[in-house]
>>> print(open('input31.txt').read())   # compact mmCIF, C-alpha atoms and all ligand atoms
# COMPACT_ATOMS: atom_id res chain seq x y z
CA MET A 1358 5.27 -54.65 45.51
CA LYS A 1359 2.20 -52.48 45.28
CA LYS A 1360 4.36 -49.34 45.55
CA VAL A 1361 6.73 -50.66 42.93
CA GLY A 1362 3.71 -51.51 40.88
CA LEU A 1363 2.32 -47.99 41.27
CA ILE A 1364 5.63 -46.40 40.49
CA SER A 1365 6.13 -48.66 37.57
CA ILE A 1366 2.73 -47.58 36.28
CA ALA A 1367 2.81 -43.96 37.41
CA LEU A 1368 6.26 -43.10 36.12
CA PRO A 1369 5.72 -44.12 32.55
CA LEU A 1370 2.29 -42.48 32.70
CA THR A 1371 3.84 -39.24 33.94
CA LEU A 1372 6.44 -39.42 31.22
CA ILE A 1373 3.81 -40.17 28.63
CA CYS A 1374 1.47 -37.45 29.91
CA GLY A 1375 4.35 -35.08 30.54
CA GLY A 1376 5.68 -35.77 27.11
CA PHE A 1377 2.23 -35.35 25.63
CA SER A 1378 1.62 -32.10 27.45
CA ASN A 1379 5.06 -30.89 26.37
CA ASP A 1380 4.13 -31.76 22.82
CA VAL A 1381 0.87 -29.81 23.22
CA LYS A 1382 2.82 -26.92 24.69
CA ALA A 1383 5.31 -27.15 21.84
CA SER A 1384 2.58 -27.24 19.24
CA GLN A 1385 0.74 -24.35 20.91
CA THR A 1386 3.94 -22.38 20.84
CA GLU A 1387 4.30 -23.15 17.15
CA SER A 1388 0.73 -22.09 16.44
CA GLU A 1389 1.21 -18.99 18.56
CA LYS A 1390 4.28 -18.28 16.47
CA THR A 1391 2.28 -18.78 13.26
CA ASP A 1392 -0.42 -16.44 14.58
CA ALA A 1393 2.20 -13.85 15.47
CA THR A 1394 3.70 -14.12 11.99
CA LYS A 1395 0.24 -13.75 10.47
CA GLU A 1396 -0.35 -10.69 12.67
CA GLU A 1397 2.96 -9.20 11.58
CA LYS A 1398 2.07 -9.86 7.95
CA LYS A 1399 -1.34 -8.25 8.48
CA GLU A 1400 0.37 -5.25 10.03
CA ASP A 1401 2.69 -4.98 7.01
CA MET A 1402 -0.33 -4.83 4.69
CA GLU A 1403 -1.01 -1.24 3.79
CA ARG A 1404 -3.20 0.78 1.50
CA THR A 1405 -2.14 3.78 -0.48
CA LEU A 1406 -3.77 6.17 -2.92
CA ALA A 1407 -2.55 6.31 -6.50
CA ILE A 1408 -3.61 8.87 -9.08
CA ILE A 1409 -2.77 8.36 -12.71
CA LYS A 1410 -2.58 11.96 -13.88
CA PRO A 1411 -4.07 13.47 -17.06
CA ASP A 1412 -0.80 13.05 -18.99
CA ALA A 1413 -0.84 9.27 -18.43
CA ALA A 1414 -4.51 8.35 -17.97
CA ASP A 1415 -4.51 6.60 -21.34
CA LYS A 1416 -1.61 4.43 -20.10
CA ALA A 1417 -3.57 3.16 -17.07
CA ASP A 1418 -3.56 -0.47 -18.23
CA GLU A 1419 0.21 -0.53 -18.65
CA ILE A 1420 0.73 1.29 -15.35
CA ASN A 1421 -1.56 -1.15 -13.56
CA LYS A 1422 0.48 -4.05 -14.94
CA MET A 1423 3.59 -2.48 -13.40
CA ILE A 1424 1.71 -2.01 -10.12
CA GLU A 1425 0.59 -5.65 -10.02
CA ALA A 1426 4.09 -6.84 -11.01
CA ALA A 1427 5.41 -4.95 -7.98
CA GLY A 1428 3.19 -7.05 -5.71
CA LEU A 1429 0.42 -4.50 -5.17
CA LYS A 1430 -3.27 -5.05 -5.80
CA VAL A 1431 -5.66 -2.47 -7.24
CA ILE A 1432 -8.62 -2.89 -4.88
CA ALA A 1433 -10.67 0.12 -6.02
CA LYS A 1434 -10.54 2.28 -9.09
CA LYS A 1435 -12.44 5.18 -10.64
CA THR A 1436 -11.88 7.34 -13.67
CA THR A 1437 -13.01 10.90 -13.19
CA ARG A 1438 -12.16 14.49 -14.00
CA LEU A 1439 -11.22 16.57 -10.99
CA SER A 1440 -12.79 19.99 -10.64
CA LEU A 1441 -10.31 22.81 -10.09
CA GLU A 1442 -11.69 23.12 -6.55
CA LYS A 1443 -11.09 19.44 -5.80
CA ALA A 1444 -7.54 19.63 -7.17
CA LYS A 1445 -6.88 22.71 -5.03
CA GLU A 1446 -8.24 20.95 -1.96
CA PHE A 1447 -6.20 17.81 -2.68
CA TYR A 1448 -2.92 19.71 -3.11
CA GLU A 1449 -3.65 22.29 -0.40
CA ILE A 1450 -0.43 21.37 1.39
CA HIS A 1451 1.43 22.90 -1.58
CA LYS A 1452 -0.65 26.09 -1.70
CA ASP A 1453 2.33 28.35 -1.00
CA ARG A 1454 4.56 26.73 -3.61
CA PRO A 1455 5.08 28.60 -6.90
CA PHE A 1456 3.80 25.64 -8.93
CA TYR A 1457 0.49 25.27 -7.04
CA ASP A 1458 -1.85 27.03 -9.49
CA SER A 1459 -0.29 25.40 -12.51
CA LEU A 1460 -0.35 21.97 -10.84
CA CYS A 1461 -4.05 22.29 -9.96
CA GLU A 1462 -4.95 23.44 -13.47
CA PHE A 1463 -3.03 20.51 -14.93
CA MET A 1464 -4.69 18.02 -12.56
CA SER A 1465 -8.13 19.23 -13.61
CA SER A 1466 -7.28 19.42 -17.33
CA GLY A 1467 -8.41 15.88 -18.18
CA ASP A 1468 -9.42 12.50 -16.83
CA VAL A 1469 -7.48 10.94 -13.99
CA VAL A 1470 -7.60 7.34 -12.78
CA ILE A 1471 -7.77 7.18 -9.00
CA GLU A 1472 -6.92 3.90 -7.31
CA VAL A 1473 -6.53 2.30 -3.92
CA LEU A 1474 -3.55 -0.03 -3.85
CA GLU A 1475 -3.08 -2.70 -1.24
CA GLY A 1476 -0.05 -4.80 -0.37
CA PRO A 1477 2.88 -5.20 1.97
CA GLU A 1478 4.40 -1.79 2.69
CA ALA A 1479 2.25 -0.37 -0.11
CA VAL A 1480 3.14 3.28 0.61
CA SER A 1481 6.90 2.95 0.21
CA ARG A 1482 6.69 0.19 -2.39
CA TYR A 1483 4.52 2.34 -4.65
CA ARG A 1484 6.68 5.43 -4.14
CA THR A 1485 9.73 3.43 -5.22
CA LEU A 1486 7.83 2.18 -8.25
CA MET A 1487 6.78 5.75 -9.19
CA GLY A 1488 10.36 7.05 -9.22
CA ALA A 1489 11.66 10.58 -8.66
CA THR A 1490 9.14 13.44 -8.71
CA ASP A 1491 10.95 14.99 -11.65
CA ALA A 1492 10.38 12.42 -14.37
CA ARG A 1493 13.59 13.54 -16.09
CA LYS A 1494 15.48 12.20 -13.08
CA ALA A 1495 13.39 9.05 -12.57
CA GLU A 1496 15.20 5.74 -12.42
CA GLU A 1497 14.97 3.10 -15.13
CA GLY A 1498 12.05 0.74 -14.56
CA THR A 1499 9.88 3.30 -12.78
CA ILE A 1500 6.47 4.56 -13.90
CA ARG A 1501 7.65 8.15 -14.19
CA LYS A 1502 10.66 7.17 -16.28
CA ALA A 1503 8.35 5.28 -18.64
CA PHE A 1504 5.43 7.72 -18.83
CA GLY A 1505 6.35 11.06 -17.24
CA THR A 1506 7.82 14.19 -18.81
CA ASP A 1507 8.96 16.60 -16.09
CA ASN A 1508 8.20 17.81 -12.55
CA GLN A 1509 4.53 18.52 -13.18
CA LYS A 1510 3.65 16.07 -15.92
CA ASN A 1511 5.00 13.16 -13.92
CA ALA A 1512 2.31 10.58 -14.72
CA VAL A 1513 1.38 9.51 -11.22
CA HIS A 1514 0.79 10.57 -7.65
CA GLY A 1515 1.22 8.38 -4.59
CA SER A 1516 0.57 9.09 -0.91
CA ASP A 1517 3.73 10.00 1.00
CA SER A 1518 2.82 8.37 4.33
CA LEU A 1519 0.39 5.90 5.80
CA GLU A 1520 -1.40 8.71 7.60
CA ASN A 1521 -1.84 10.75 4.40
CA ALA A 1522 -2.82 7.61 2.51
CA ALA A 1523 -5.79 7.11 4.83
CA LYS A 1524 -6.85 10.75 4.42
CA GLU A 1525 -6.42 10.72 0.65
CA ILE A 1526 -8.26 7.41 0.23
CA SER A 1527 -11.23 8.64 2.25
CA SER A 1528 -11.38 11.85 0.24
CA PHE A 1529 -12.08 9.83 -2.93
CA PHE A 1530 -13.58 6.50 -1.83
CA SER A 1531 -16.28 5.41 0.58
CA ASP A 1532 -15.75 2.22 2.63
CA GLU A 1533 -18.35 0.50 0.43
CA GLU A 1534 -16.41 1.35 -2.73
CA ILE A 1535 -13.28 -0.23 -1.27
CA GLY A 1536 -15.18 -3.21 0.01
CA GLY A 1537 -14.99 -2.69 3.76
P1 LIG A 1601 2.75 14.53 -6.64
O1 LIG A 1601 3.32 13.24 -6.23
O2 LIG A 1601 1.38 14.56 -7.20
O3 LIG A 1601 2.81 15.52 -5.39
C1 LIG A 1601 2.91 16.91 -5.50
C2 LIG A 1601 3.13 17.34 -6.93
O4 LIG A 1601 3.62 18.63 -7.09
C3 LIG A 1601 4.17 16.46 -7.55
O5 LIG A 1601 3.73 15.15 -7.72
C4 LIG A 1601 4.47 17.21 -8.82
O6 LIG A 1601 3.56 16.93 -9.87
C5 LIG A 1601 4.27 18.65 -8.37
N1 LIG A 1601 5.57 19.33 -8.26
C6 LIG A 1601 6.50 19.12 -7.33
N2 LIG A 1601 7.56 19.94 -7.53
C7 LIG A 1601 7.26 20.66 -8.63
C8 LIG A 1601 7.94 21.68 -9.37
N3 LIG A 1601 9.12 22.11 -8.99
N4 LIG A 1601 7.32 22.20 -10.44
C9 LIG A 1601 6.10 21.77 -10.82
N5 LIG A 1601 5.40 20.80 -10.16
C10 LIG A 1601 5.98 20.27 -9.09
>>> encode(input="input31.txt", output="structure tokens")
Amino acid sequence: MKKVGLISIALPLTLICGGFSNDVKASQTESEKTDATKEEKKEDMERTLAIIKPDAADKADEINKMIEAAGLKVIAKKTTRLSLEKAKEFYEIHKDRPFYDSLCEFMSSGDVVIEVLEGPEAVSRYRTLMGATDARKAEEGTIRKAFGTDNQKNAVHGSDSLENAAKEISSFFSDEEIGG
């Protein structure tokens, strides 16, 4: 009788505890899943550098509305005029291209608005929003279609990779200016 009594107590207890611990396991798994999703989302978050060029600096408000509408946040911004030296340094990768001198002169010809954008897949998302380099070929709905003129006066610049984005951002903004 005692054994039966023990079994009759122990079995339901085991089921209850087993069930409970399974529930805990299940809920841990769910929370682990949520954490993993959060991690993935965090990993998707990127930063990119945007420059609103001298031909479109006065359209910065409209361009920023397009940026925000595309799901990207402007987390740092400065309006400045690039020296010829700074423009040459920034576009050094193009130094052997025939348009290099003219591009650098243009980039230092007036105010530019330099911004750090943040959001999911910010690099590619912003490049899509900018449109084709040659504004004459830019797709409808893009910044360059709306505000650019040609290959050089193409309204905006955007980093072409995550690696270059980090370099370009640090060449214009300190960590404090971005907010950590
Ligand atoms: P940006 O995104 O700032 O990156 C390099 C820049 O070089 C590009 O935009 C254009 O402004 C400029 N560029 C590229 N190709 C040409 C070209 N064929 N003639 C003049 N400028 C160009």
>>> residues_near_ligand(input="input31.txt", ligand="ligand LIG 1601 (chain A)", cutoff="6 Å", atoms="all atoms listed in the file", output="VMD selection string")
chain A and resid 1456 1460 1490 1508 to 1509 1511 1514 to 1515
>>> residues_around(input="input31.txt", residues="segment 1473-1485 of chain A", least_positions_apart="4", cutoff="7 Å", atoms="only C-alpha atoms", output="PyMOL selection string")
chain A and resi 1401-1407+1428-1434+1515-1519+1526
>>> write_last_selection(input="input31.txt", atoms="C-alpha atoms", output="PDB file, in the coordinates of the input")
ATOM      1  CA  ASP A1401       2.690  -4.980   7.010  1.00  0.00           C
ATOM      2  CA  MET A1402      -0.330  -4.830   4.690  1.00  0.00           C
ATOM      3  CA  GLU A1403      -1.010  -1.240   3.790  1.00  0.00           C
ATOM      4  CA  ARG A1404      -3.200   0.780   1.500  1.00  0.00           C
ATOM      5  CA  THR A1405      -2.140   3.780  -0.480  1.00  0.00           C
ATOM      6  CA  LEU A1406      -3.770   6.170  -2.920  1.00  0.00           C
ATOM      7  CA  ALA A1407      -2.550   6.310  -6.500  1.00  0.00           C
ATOM      8  CA  GLY A1428       3.190  -7.050  -5.710  1.00  0.00           C
ATOM      9  CA  LEU A1429       0.420  -4.500  -5.170  1.00  0.00           C
ATOM     10  CA  LYS A1430      -3.270  -5.050  -5.800  1.00  0.00           C
ATOM     11  CA  VAL A1431      -5.660  -2.470  -7.240  1.00  0.00           C
ATOM     12  CA  ILE A1432      -8.620  -2.890  -4.880  1.00  0.00           C
ATOM     13  CA  ALA A1433     -10.670   0.120  -6.020  1.00  0.00           C
ATOM     14  CA  LYS A1434     -10.540   2.280  -9.090  1.00  0.00           C
ATOM     15  CA  GLY A1515       1.220   8.380  -4.590  1.00  0.00           C
ATOM     16  CA  SER A1516       0.570   9.090  -0.910  1.00  0.00           C
ATOM     17  CA  ASP A1517       3.730  10.000   1.000  1.00  0.00           C
ATOM     18  CA  SER A1518       2.820   8.370   4.330  1.00  0.00           C
ATOM     19  CA  LEU A1519       0.390   5.900   5.800  1.00  0.00           C
ATOM     20  CA  ILE A1526      -8.260   7.410   0.230  1.00  0.00           C
TER      21      ILE A1526
END
>>> closest_residue(input="input31.txt", among="A:Lys1510, A:Asp1415, A:Asn1421, A:Met1464", to="Phe1447 of chain A", atoms="only C-alpha atoms")
A:Met1464
>>> atom_distance(input="input31.txt", atom1="atom CA of Met1487 of chain A", atom2="atom CA of Lys1502 of chain A")
8.2 Å
>>> closest_residue(input="input31.txt", among="A:Glu1472, A:Glu1446, A:Gly1505, A:Arg1493", to="Ile1535 of chain A", atoms="all atoms listed in the file")
A:Glu1472
>>> closest_residue(input="input31.txt", among="A:Tyr1448, A:Lys1443, A:Asp1412, A:Gly1467", to="Thr1506 of chain A", atoms="all atoms listed in the file")
A:Asp1412
>>> closest_residue(input="input31.txt", among="A:Thr1436, A:Glu1462, A:Ile1420, A:Ala1413", to="Ile1500 of chain A", atoms="only C-alpha atoms")
A:Ile1420
